[in-house]
Structures are given as structure tokens and as C-alpha cells.
>>> print(open('protein_18.pdb').read())   # PDB, C-alpha atoms, pLDDT in the B column
MODEL        1
ATOM      1  CA  MET A   1       0.000   0.000   0.000  1.00 66.00           C
ATOM      2  CA  CYS A   2       1.366   3.407  -0.990  1.00 69.00           C
ATOM      3  CA  THR A   3       1.309   6.458   1.254  1.00 71.00           C
ATOM      4  CA  CYS A   4      -1.159   7.970  -1.260  1.00 75.00           C
ATOM      5  CA  GLY A   5      -3.601   5.155  -0.498  1.00 77.00           C
ATOM      6  CA  SER A   6      -3.264   3.331  -3.822  1.00 75.00           C
ATOM      7  CA  ARG A   7      -1.595   0.072  -4.682  1.00 77.00           C
ATOM      8  CA  GLY A   8       1.040  -0.475  -7.339  1.00 77.00           C
ATOM      9  CA  CYS A   9       2.435   3.081  -7.362  1.00 84.00           C
ATOM     10  CA  VAL A  10       6.130   3.405  -8.097  1.00 85.00           C
ATOM     11  CA  ALA A  11       6.573   4.722  -4.554  1.00 85.00           C
ATOM     12  CA  SER A  12       4.994   1.572  -3.116  1.00 84.00           C
ATOM     13  CA  LEU A  13       7.406  -0.587  -5.123  1.00 86.00           C
ATOM     14  CA  ALA A  14      10.660   1.333  -5.494  1.00 87.00           C
ATOM     15  CA  SER A  15      10.956   3.951  -2.763  1.00 88.00           C
ATOM     16  CA  GLY A  16      13.327   3.741   0.165  1.00 90.00           C
ATOM     17  CA  ARG A  17      10.337   3.293   2.445  1.00 90.00           C
ATOM     18  CA  ALA A  18       9.121   0.308   0.388  1.00 90.00           C
ATOM     19  CA  LEU A  19      12.575  -1.265   0.398  1.00 92.00           C
ATOM     20  CA  ALA A  20      12.892  -0.763   4.151  1.00 93.00           C
ATOM     21  CA  ALA A  21       9.557  -2.519   4.704  1.00 91.00           C
ATOM     22  CA  ASP A  22      10.553  -5.387   2.386  1.00 91.00           C
ATOM     23  CA  LEU A  23      13.895  -5.834   4.131  1.00 93.00           C
ATOM     24  CA  GLY A  24      12.506  -5.496   7.672  1.00 92.00           C
ATOM     25  CA  GLN A  25      14.275  -2.197   8.305  1.00 94.00           C
ATOM     26  CA  GLU A  26      13.111   0.998   9.986  1.00 93.00           C
ATOM     27  CA  SER A  27      13.981   3.481   7.245  1.00 93.00           C
ATOM     28  CA  SER A  28      15.549   4.023   3.861  1.00 92.00           C
ATOM     29  CA  LEU A  29      18.764   5.073   5.610  1.00 93.00           C
ATOM     30  CA  ASP A  30      18.963   1.577   7.096  1.00 95.00           C
ATOM     31  CA  VAL A  31      18.651   0.150   3.585  1.00 95.00           C
ATOM     32  CA  VAL A  32      21.454   2.443   2.385  1.00 94.00           C
ATOM     33  CA  ARG A  33      23.675   1.206   5.248  1.00 95.00           C
ATOM     34  CA  LEU A  34      22.939  -2.413   4.339  1.00 95.00           C
ATOM     35  CA  VAL A  35      23.794  -1.794   0.683  1.00 95.00           C
ATOM     36  CA  GLN A  36      26.984   0.057   1.596  1.00 94.00           C
ATOM     37  CA  THR A  37      28.086  -2.866   3.783  1.00 94.00           C
ATOM     38  CA  GLY A  38      27.480  -5.324   0.922  1.00 94.00           C
ATOM     39  CA  ASP A  39      24.306  -7.080   2.076  1.00 94.00           C
ATOM     40  CA  PRO A  40      23.285  -9.256  -0.928  1.00 95.00           C
ATOM     41  CA  ALA A  41      19.530  -9.080  -0.267  1.00 94.00           C
ATOM     42  CA  ALA A  42      19.599  -5.292   0.087  1.00 95.00           C
ATOM     43  CA  ILE A  43      21.690  -4.911  -3.057  1.00 95.00           C
ATOM     44  CA  ALA A  44      19.383  -7.184  -5.078  1.00 95.00           C
ATOM     45  CA  ARG A  45      16.245  -5.396  -3.837  1.00 94.00           C
ATOM     46  CA  THR A  46      17.834  -1.995  -4.541  1.00 95.00           C
ATOM     47  CA  GLN A  47      18.669  -2.989  -8.121  1.00 95.00           C
ATOM     48  CA  GLU A  48      15.144  -4.341  -8.570  1.00 94.00           C
ATOM     49  CA  ALA A  49      13.736  -1.035  -7.302  1.00 94.00           C
ATOM     50  CA  GLY A  50      15.979   0.775  -9.771  1.00 94.00           C
ATOM     51  CA  ARG A  51      14.561  -1.304 -12.613  1.00 95.00           C
ATOM     52  CA  THR A  52      11.018  -0.499 -11.473  1.00 94.00           C
ATOM     53  CA  LEU A  53      11.783   3.217 -11.409  1.00 94.00           C
ATOM     54  CA  GLY A  54      13.553   2.829 -14.751  1.00 95.00           C
ATOM     55  CA  VAL A  55      10.274   1.804 -16.428  1.00 94.00           C
ATOM     56  CA  VAL A  56       8.717   5.155 -15.518  1.00 93.00           C
ATOM     57  CA  LEU A  57      11.857   7.124 -16.318  1.00 95.00           C
ATOM     58  CA  ALA A  58      12.155   5.448 -19.742  1.00 95.00           C
ATOM     59  CA  THR A  59       8.794   6.894 -20.714  1.00 93.00           C
ATOM     60  CA  ALA A  60       9.819  10.328 -19.493  1.00 93.00           C
ATOM     61  CA  VAL A  61      13.109  10.113 -21.396  1.00 94.00           C
ATOM     62  CA  SER A  62      11.353   9.117 -24.617  1.00 92.00           C
ATOM     63  CA  LEU A  63       8.848  11.973 -24.289  1.00 92.00           C
ATOM     64  CA  LEU A  64      11.092  14.750 -22.994  1.00 92.00           C
ATOM     65  CA  ASN A  65      14.542  13.832 -24.358  1.00 93.00           C
ATOM     66  CA  PRO A  66      16.503  15.279 -21.399  1.00 93.00           C
ATOM     67  CA  ALA A  67      20.278  15.600 -21.397  1.00 92.00           C
ATOM     68  CA  ALA A  68      20.501  14.225 -17.860  1.00 92.00           C
ATOM     69  CA  LEU A  69      18.544  12.467 -15.147  1.00 91.00           C
ATOM     70  CA  VAL A  70      19.856  13.513 -11.756  1.00 89.00           C
ATOM     71  CA  LEU A  71      18.680  11.366  -8.863  1.00 89.00           C
ATOM     72  CA  ALA A  72      18.682  12.537  -5.278  1.00 85.00           C
ATOM     73  CA  GLY A  73      17.404  11.270  -1.953  1.00 84.00           C
ATOM     74  CA  ASP A  74      18.367   8.428   0.308  1.00 87.00           C
ATOM     75  CA  MET A  75      18.303   5.725  -2.364  1.00 89.00           C
ATOM     76  CA  ALA A  76      20.666   7.743  -4.550  1.00 87.00           C
ATOM     77  CA  GLU A  77      23.215   7.215  -1.769  1.00 88.00           C
ATOM     78  CA  THR A  78      23.419   3.554  -2.813  1.00 90.00           C
ATOM     79  CA  ARG A  79      25.101   4.923  -5.948  1.00 83.00           C
ATOM     80  CA  GLU A  80      25.704   2.333  -8.648  1.00 89.00           C
ATOM     81  CA  HIS A  81      23.445  -0.302  -7.119  1.00 91.00           C
ATOM     82  CA  TYR A  82      20.321   1.814  -7.718  1.00 91.00           C
ATOM     83  CA  LEU A  83      21.663   3.385 -10.914  1.00 92.00           C
ATOM     84  CA  THR A  84      22.466   0.018 -12.474  1.00 92.00           C
ATOM     85  CA  GLY A  85      18.818  -1.043 -12.368  1.00 93.00           C
ATOM     86  CA  ILE A  86      17.615   2.321 -13.640  1.00 95.00           C
ATOM     87  CA  ARG A  87      20.129   2.460 -16.508  1.00 95.00           C
ATOM     88  CA  GLU A  88      19.396  -1.128 -17.528  1.00 94.00           C
ATOM     89  CA  VAL A  89      15.725  -0.377 -18.157  1.00 95.00           C
ATOM     90  CA  VAL A  90      16.013   3.214 -19.407  1.00 95.00           C
ATOM     91  CA  TYR A  91      18.551   2.318 -22.086  1.00 94.00           C
ATOM     92  CA  ARG A  92      16.596  -0.781 -23.130  1.00 94.00           C
ATOM     93  CA  ARG A  93      13.119   0.825 -23.265  1.00 94.00           C
ATOM     94  CA  SER A  94      13.757   4.399 -24.424  1.00 91.00           C
ATOM     95  CA  LEU A  95      14.081   5.537 -28.005  1.00 87.00           C
ATOM     96  CA  PRO A  96      17.732   5.203 -29.083  1.00 87.00           C
ATOM     97  CA  TYR A  97      18.158   8.839 -30.099  1.00 89.00           C
ATOM     98  CA  THR A  98      16.985   9.993 -26.662  1.00 90.00           C
ATOM     99  CA  THR A  99      19.626   7.974 -24.818  1.00 90.00           C
ATOM    100  CA  ARG A 100      22.586   8.589 -27.130  1.00 89.00           C
ATOM    101  CA  ASN A 101      23.972  11.373 -24.909  1.00 91.00           C
ATOM    102  CA  LEU A 102      21.841  10.826 -21.809  1.00 94.00           C
ATOM    103  CA  GLU A 103      23.595  10.929 -18.443  1.00 93.00           C
ATOM    104  CA  ILE A 104      22.020   9.169 -15.470  1.00 93.00           C
ATOM    105  CA  VAL A 105      23.805  10.293 -12.326  1.00 91.00           C
ATOM    106  CA  THR A 106      23.282  10.994  -8.654  1.00 89.00           C
ATOM    107  CA  SER A 107      23.175  14.510  -7.299  1.00 84.00           C
ATOM    108  CA  SER A 108      26.310  15.900  -5.744  1.00 82.00           C
ATOM    109  CA  LEU A 109      24.115  18.007  -3.443  1.00 83.00           C
ATOM    110  CA  GLY A 110      22.982  15.102  -1.279  1.00 75.00           C
ATOM    111  CA  GLY A 111      20.551  16.242   1.409  1.00 74.00           C
ATOM    112  CA  ARG A 112      20.831  19.838   0.222  1.00 81.00           C
ATOM    113  CA  ALA A 113      19.161  19.140  -3.148  1.00 78.00           C
ATOM    114  CA  GLY A 114      15.688  20.282  -2.046  1.00 80.00           C
ATOM    115  CA  ILE A 115      17.001  23.505  -0.554  1.00 87.00           C
ATOM    116  CA  ALA A 116      19.072  24.294  -3.645  1.00 85.00           C
ATOM    117  CA  GLY A 117      16.101  23.567  -5.906  1.00 84.00           C
ATOM    118  CA  MET A 118      13.830  25.820  -3.889  1.00 88.00           C
ATOM    119  CA  ALA A 119      16.423  28.615  -4.033  1.00 90.00           C
ATOM    120  CA  VAL A 120      16.449  28.363  -7.831  1.00 88.00           C
ATOM    121  CA  ILE A 121      12.653  28.485  -7.977  1.00 88.00           C
ATOM    122  CA  VAL A 122      12.617  31.591  -5.785  1.00 89.00           C
ATOM    123  CA  MET A 123      15.269  33.289  -7.910  1.00 87.00           C
ATOM    124  CA  GLU A 124      13.586  32.395 -11.206  1.00 88.00           C
ATOM    125  CA  HIS A 125      10.010  33.220 -10.225  1.00 85.00           C
ATOM    126  CA  VAL A 126       9.706  35.353  -7.111  1.00 86.00           C
ATOM    127  CA  LEU A 127      12.798  37.469  -7.757  1.00 86.00           C
ATOM    128  CA  SER A 128      12.654  37.453 -11.571  1.00 85.00           C
ATOM    129  CA  ALA A 129      12.789  40.794 -13.338  1.00 87.00           C
ATOM    130  CA  ALA A 130       9.144  40.473 -14.392  1.00 88.00           C
ATOM    131  CA  ALA A 131       7.975  39.662 -10.848  1.00 85.00           C
ATOM    132  CA  VAL A 132       9.954  42.532  -9.313  1.00 87.00           C
ATOM    133  CA  ASP A 133       8.706  44.967 -11.992  1.00 88.00           C
ATOM    134  CA  ALA A 134       5.119  43.868 -11.354  1.00 87.00           C
ATOM    135  CA  ALA A 135       5.536  44.338  -7.604  1.00 87.00           C
ATOM    136  CA  LEU A 136       7.002  47.825  -8.065  1.00 88.00           C
ATOM    137  CA  ARG A 137       4.430  48.943 -10.664  1.00 88.00           C
ATOM    138  CA  PRO A 138       1.995  51.524  -9.245  1.00 85.00           C
ATOM    139  CA  LYS A 139      -1.419  50.071  -8.510  1.00 83.00           C
ATOM    140  CA  PRO A 140      -4.347  51.620 -10.387  1.00 84.00           C
ATOM    141  CA  GLY A 141      -6.188  54.129  -8.240  1.00 77.00           C
ATOM    142  CA  ALA A 142      -3.357  54.358  -5.707  1.00 66.00           C
TER     143      ALA A 142
ENDMDL
END
>>> encode(input="protein_18.pdb", output="C-alpha cells")
Amino acid sequence: MCTCGSRGCVASLASGRALAADLGQESSLDVVRLVQTGDPAAIARTQEAGRTLGVVLATAVSLLNPAALVLAGDMAETREHYLTGIREVVYRRSLPYTTRNLEIVTSSLGGRAGIAGMAVIVMEHVLSAAAVDAALRPKPGA
């Protein structure tokens, strides 16, 4: 069962929370520790989760043709174990011209990825020239 209440969501199959439940662990960080220490069951389940996520990402790659997929979060800390499963499916299922130069990597920002992303959104939207000009423009009737 997914946290959204549905069954069969990618999150219910391939998230750190799902892996932790499958492996009898408390959290995704526990799964990361198991993978980093070489636990075969954790590594196999992590690669399987990567393949599951890869199915969804393959569709996105074929539709959007991005230059890079940058993964972040706890499961990205398993590095190649998660990426191997993702790459396997993305390269097999996506259109060849969309994967020719595609990079699939983990974020170098780690736990700071969300904060950095929010800072970019604020700079691009809230503090953009158009937004500042609109805020400074005299209001009609004022």
C-alpha cells in the first residue's frame, strides 16, 4: 500500500520506504547502510527497485529527451546499485536517439538538493525581473 492510499504506485514498489519494509528495516537510511556494507539481499532489492523506477523514467526520457537524469534522496546514496537497475531499463526501453547522450547520475548536493532547488525556484520566479517589476508597478487608483 502506498502512502497515497493506492496500490502499485512506483513509490509503493521502489521507494526507500518500500525497500525498508521489504527488508525489515526501519527506514531508507537503514537500507542504504545495508547496501553500503554489501548485504546481498539489500543490493538485489535496490537494483530491482531501480529497474522499477527505470520503467517510468524510460517513458519520461522518450517523451522529454533530457540531457541528464539527476537522482537525489536516500536511495541515490546507494550509488551504482540503484543506478544500475535504472540504466538497464532506461537504455533498453527508451528511443535510441533519446539515450545517445543521456547521463544518469546521482546529485552531488545530497541532502541539500531540495534547498538548492527551492532557491532556484525563488530566484527564477519570485525574484525574476518580471515579478519585481510587477511588484514595483503603481497600482491603479493608488
>>> residues_around(input="protein_18.pdb", residues="A:Leu69", least_positions_apart="2", cutoff="9 Å", atoms="all atoms listed in the file", output="list in words")
Leu57, Val61, Pro66, Ala67, Leu71, Leu102, Glu103, Ile104, Val105 and Thr106 of chain A
>>> resolve_selection(input="protein_18.pdb", expression="the PyMOL selection byres ((chain A and resi 43-55) around 7)", output="number ranges by chain")
A: 10, 13-14, 19, 35, 39-42, 56-59, 81-90
>>> write_last_selection(input="protein_18.pdb", atoms="C-alpha atoms", output="mmCIF file, in the coordinates of the input")
data_model
loop_
_atom_site.group_PDB
_atom_site.id
_atom_site.type_symbol
_atom_site.label_atom_id
_atom_site.label_comp_id
_atom_site.auth_asym_id
_atom_site.auth_seq_id
_atom_site.Cartn_x
_atom_site.Cartn_y
_atom_site.Cartn_z
ATOM 1 C CA VAL A 10 6.130 3.405 -8.097
ATOM 2 C CA LEU A 13 7.406 -0.587 -5.123
ATOM 3 C CA ALA A 14 10.660 1.333 -5.494
ATOM 4 C CA LEU A 19 12.575 -1.265 0.398
ATOM 5 C CA VAL A 35 23.794 -1.794 0.683
ATOM 6 C CA ASP A 39 24.306 -7.080 2.076
ATOM 7 C CA PRO A 40 23.285 -9.256 -0.928
ATOM 8 C CA ALA A 41 19.530 -9.080 -0.267
ATOM 9 C CA ALA A 42 19.599 -5.292 0.087
ATOM 10 C CA VAL A 56 8.717 5.155 -15.518
ATOM 11 C CA LEU A 57 11.857 7.124 -16.318
ATOM 12 C CA ALA A 58 12.155 5.448 -19.742
ATOM 13 C CA THR A 59 8.794 6.894 -20.714
ATOM 14 C CA HIS A 81 23.445 -0.302 -7.119
ATOM 15 C CA TYR A 82 20.321 1.814 -7.718
ATOM 16 C CA LEU A 83 21.663 3.385 -10.914
ATOM 17 C CA THR A 84 22.466 0.018 -12.474
ATOM 18 C CA GLY A 85 18.818 -1.043 -12.368
ATOM 19 C CA ILE A 86 17.615 2.321 -13.640
ATOM 20 C CA ARG A 87 20.129 2.460 -16.508
ATOM 21 C CA GLU A 88 19.396 -1.128 -17.528
ATOM 22 C CA VAL A 89 15.725 -0.377 -18.157
ATOM 23 C CA VAL A 90 16.013 3.214 -19.407
#
>>> atom_distance(input="protein_18.pdb", atom1="atom CA of A:Met75", atom2="atom CA of A:Thr37")
14.4 Å
>>> atom_distance(input="protein_18.pdb", atom1="atom CA of A:Tyr91", atom2="atom CA of A:Ser108")
22.6 Å
>>> atom_distance(input="protein_18.pdb", atom1="atom CA of A:Gly110", atom2="atom CA of A:Gly16")
15.0 Å
>>> build_atoms(input="protein_18.pdb", residues="stretch 75-106 of chain A", atoms="N, CA and C atoms", output="PDB file, in the coordinates of the input")
ATOM      1  N   MET A  75      17.948   6.853  -1.503  1.00 89.00           N
ATOM      2  CA  MET A  75      18.303   5.725  -2.364  1.00 89.00           C
ATOM      3  C   MET A  75      19.427   6.077  -3.332  1.00 89.00           C
ATOM      4  N   ALA A  76      19.552   7.327  -3.684  1.00 87.00           N
ATOM      5  CA  ALA A  76      20.666   7.743  -4.550  1.00 87.00           C
ATOM      6  C   ALA A  76      22.006   7.519  -3.850  1.00 87.00           C
ATOM      7  N   GLU A  77      21.981   7.450  -2.528  1.00 88.00           N
ATOM      8  CA  GLU A  77      23.215   7.215  -1.769  1.00 88.00           C
ATOM      9  C   GLU A  77      23.738   5.787  -1.926  1.00 88.00           C
ATOM     10  N   THR A  78      22.937   4.906  -2.535  1.00 90.00           N
ATOM     11  CA  THR A  78      23.419   3.554  -2.813  1.00 90.00           C
ATOM     12  C   THR A  78      24.239   3.535  -4.099  1.00 90.00           C
ATOM     13  N   ARG A  79      24.306   4.680  -4.738  1.00 83.00           N
ATOM     14  CA  ARG A  79      25.101   4.923  -5.948  1.00 83.00           C
ATOM     15  C   ARG A  79      24.804   3.892  -7.039  1.00 83.00           C
ATOM     16  N   GLU A  80      25.817   3.193  -7.473  1.00 89.00           N
ATOM     17  CA  GLU A  80      25.704   2.333  -8.648  1.00 89.00           C
ATOM     18  C   GLU A  80      24.684   1.210  -8.493  1.00 89.00           C
ATOM     19  N   HIS A  81      24.403   0.798  -7.292  1.00 91.00           N
ATOM     20  CA  HIS A  81      23.445  -0.302  -7.119  1.00 91.00           C
ATOM     21  C   HIS A  81      22.063   0.104  -7.602  1.00 91.00           C
ATOM     22  N   TYR A  82      21.620   1.295  -7.273  1.00 91.00           N
ATOM     23  CA  TYR A  82      20.321   1.814  -7.718  1.00 91.00           C
ATOM     24  C   TYR A  82      20.405   2.221  -9.186  1.00 91.00           C
ATOM     25  N   LEU A  83      21.499   2.895  -9.549  1.00 92.00           N
ATOM     26  CA  LEU A  83      21.663   3.385 -10.914  1.00 92.00           C
ATOM     27  C   LEU A  83      21.740   2.257 -11.930  1.00 92.00           C
ATOM     28  N   THR A  84      22.347   1.146 -11.555  1.00 92.00           N
ATOM     29  CA  THR A  84      22.466   0.018 -12.474  1.00 92.00           C
ATOM     30  C   THR A  84      21.093  -0.445 -12.949  1.00 92.00           C
ATOM     31  N   GLY A  85      20.180  -0.620 -12.010  1.00 93.00           N
ATOM     32  CA  GLY A  85      18.818  -1.043 -12.368  1.00 93.00           C
ATOM     33  C   GLY A  85      18.110  -0.016 -13.223  1.00 93.00           C
ATOM     34  N   ILE A  86      18.254   1.250 -12.874  1.00 95.00           N
ATOM     35  CA  ILE A  86      17.615   2.321 -13.640  1.00 95.00           C
ATOM     36  C   ILE A  86      18.172   2.357 -15.058  1.00 95.00           C
ATOM     37  N   ARG A  87      19.487   2.393 -15.180  1.00 95.00           N
ATOM     38  CA  ARG A  87      20.129   2.460 -16.508  1.00 95.00           C
ATOM     39  C   ARG A  87      19.734   1.272 -17.383  1.00 95.00           C
ATOM     40  N   GLU A  88      19.726   0.087 -16.785  1.00 94.00           N
ATOM     41  CA  GLU A  88      19.396  -1.128 -17.528  1.00 94.00           C
ATOM     42  C   GLU A  88      18.068  -0.970 -18.265  1.00 94.00           C
ATOM     43  N   VAL A  89      17.058  -0.488 -17.567  1.00 95.00           N
ATOM     44  CA  VAL A  89      15.725  -0.377 -18.157  1.00 95.00           C
ATOM     45  C   VAL A  89      15.599   0.866 -19.039  1.00 95.00           C
ATOM     46  N   VAL A  90      16.130   1.981 -18.615  1.00 95.00           N
ATOM     47  CA  VAL A  90      16.013   3.214 -19.407  1.00 95.00           C
ATOM     48  C   VAL A  90      16.660   3.031 -20.770  1.00 95.00           C
ATOM     49  N   TYR A  91      17.868   2.488 -20.806  1.00 94.00           N
ATOM     50  CA  TYR A  91      18.551   2.318 -22.086  1.00 94.00           C
ATOM     51  C   TYR A  91      17.886   1.262 -22.968  1.00 94.00           C
ATOM     52  N   ARG A  92      17.257   0.267 -22.357  1.00 94.00           N
ATOM     53  CA  ARG A  92      16.596  -0.781 -23.130  1.00 94.00           C
ATOM     54  C   ARG A  92      15.240  -0.320 -23.670  1.00 94.00           C
ATOM     55  N   ARG A  93      14.492   0.491 -22.905  1.00 94.00           N
ATOM     56  CA  ARG A  93      13.119   0.825 -23.265  1.00 94.00           C
ATOM     57  C   ARG A  93      12.930   2.184 -23.932  1.00 94.00           C
ATOM     58  N   SER A  94      13.904   3.059 -23.835  1.00 91.00           N
ATOM     59  CA  SER A  94      13.757   4.399 -24.424  1.00 91.00           C
ATOM     60  C   SER A  94      14.148   4.374 -25.890  1.00 91.00           C
ATOM     61  N   LEU A  95      13.700   5.399 -26.604  1.00 87.00           N
ATOM     62  CA  LEU A  95      14.081   5.537 -28.005  1.00 87.00           C
ATOM     63  C   LEU A  95      15.585   5.767 -28.091  1.00 87.00           C
ATOM     64  N   PRO A  96      16.268   5.112 -29.016  1.00 87.00           N
ATOM     65  CA  PRO A  96      17.732   5.203 -29.083  1.00 87.00           C
ATOM     66  C   PRO A  96      18.266   6.632 -29.182  1.00 87.00           C
ATOM     67  N   TYR A  97      17.625   7.481 -29.967  1.00 89.00           N
ATOM     68  CA  TYR A  97      18.158   8.839 -30.099  1.00 89.00           C
ATOM     69  C   TYR A  97      18.022   9.656 -28.816  1.00 89.00           C
ATOM     70  N   THR A  98      17.135   9.245 -27.919  1.00 90.00           N
ATOM     71  CA  THR A  98      16.985   9.993 -26.662  1.00 90.00           C
ATOM     72  C   THR A  98      18.014   9.584 -25.617  1.00 90.00           C
ATOM     73  N   THR A  99      18.645   8.437 -25.807  1.00 90.00           N
ATOM     74  CA  THR A  99      19.626   7.974 -24.818  1.00 90.00           C
ATOM     75  C   THR A  99      21.063   8.094 -25.306  1.00 90.00           C
ATOM     76  N   ARG A 100      21.236   8.519 -26.546  1.00 89.00           N
ATOM     77  CA  ARG A 100      22.586   8.589 -27.130  1.00 89.00           C
ATOM     78  C   ARG A 100      23.543   9.375 -26.237  1.00 89.00           C
ATOM     79  N   ASN A 101      23.115  10.532 -25.740  1.00 91.00           N
ATOM     80  CA  ASN A 101      23.972  11.373 -24.909  1.00 91.00           C
ATOM     81  C   ASN A 101      23.429  11.546 -23.494  1.00 91.00           C
ATOM     82  N   LEU A 102      22.481  10.704 -23.117  1.00 94.00           N
ATOM     83  CA  LEU A 102      21.841  10.826 -21.809  1.00 94.00           C
ATOM     84  C   LEU A 102      22.787  10.423 -20.680  1.00 94.00           C
ATOM     85  N   GLU A 103      22.847  11.264 -19.663  1.00 93.00           N
ATOM     86  CA  GLU A 103      23.595  10.929 -18.443  1.00 93.00           C
ATOM     87  C   GLU A 103      22.592  10.604 -17.339  1.00 93.00           C
ATOM     88  N   ILE A 104      22.830   9.528 -16.637  1.00 93.00           N
ATOM     89  CA  ILE A 104      22.020   9.169 -15.470  1.00 93.00           C
ATOM     90  C   ILE A 104      22.987   9.134 -14.299  1.00 93.00           C
ATOM     91  N   VAL A 105      22.844  10.103 -13.412  1.00 91.00           N
ATOM     92  CA  VAL A 105      23.805  10.293 -12.326  1.00 91.00           C
ATOM     93  C   VAL A 105      23.075  10.602 -11.022  1.00 91.00           C
ATOM     94  N   THR A 106      23.828  10.570  -9.941  1.00 89.00           N
ATOM     95  CA  THR A 106      23.282  10.994  -8.654  1.00 89.00           C
ATOM     96  C   THR A 106      23.707  12.430  -8.387  1.00 89.00           C
TER      97      THR A 106
END
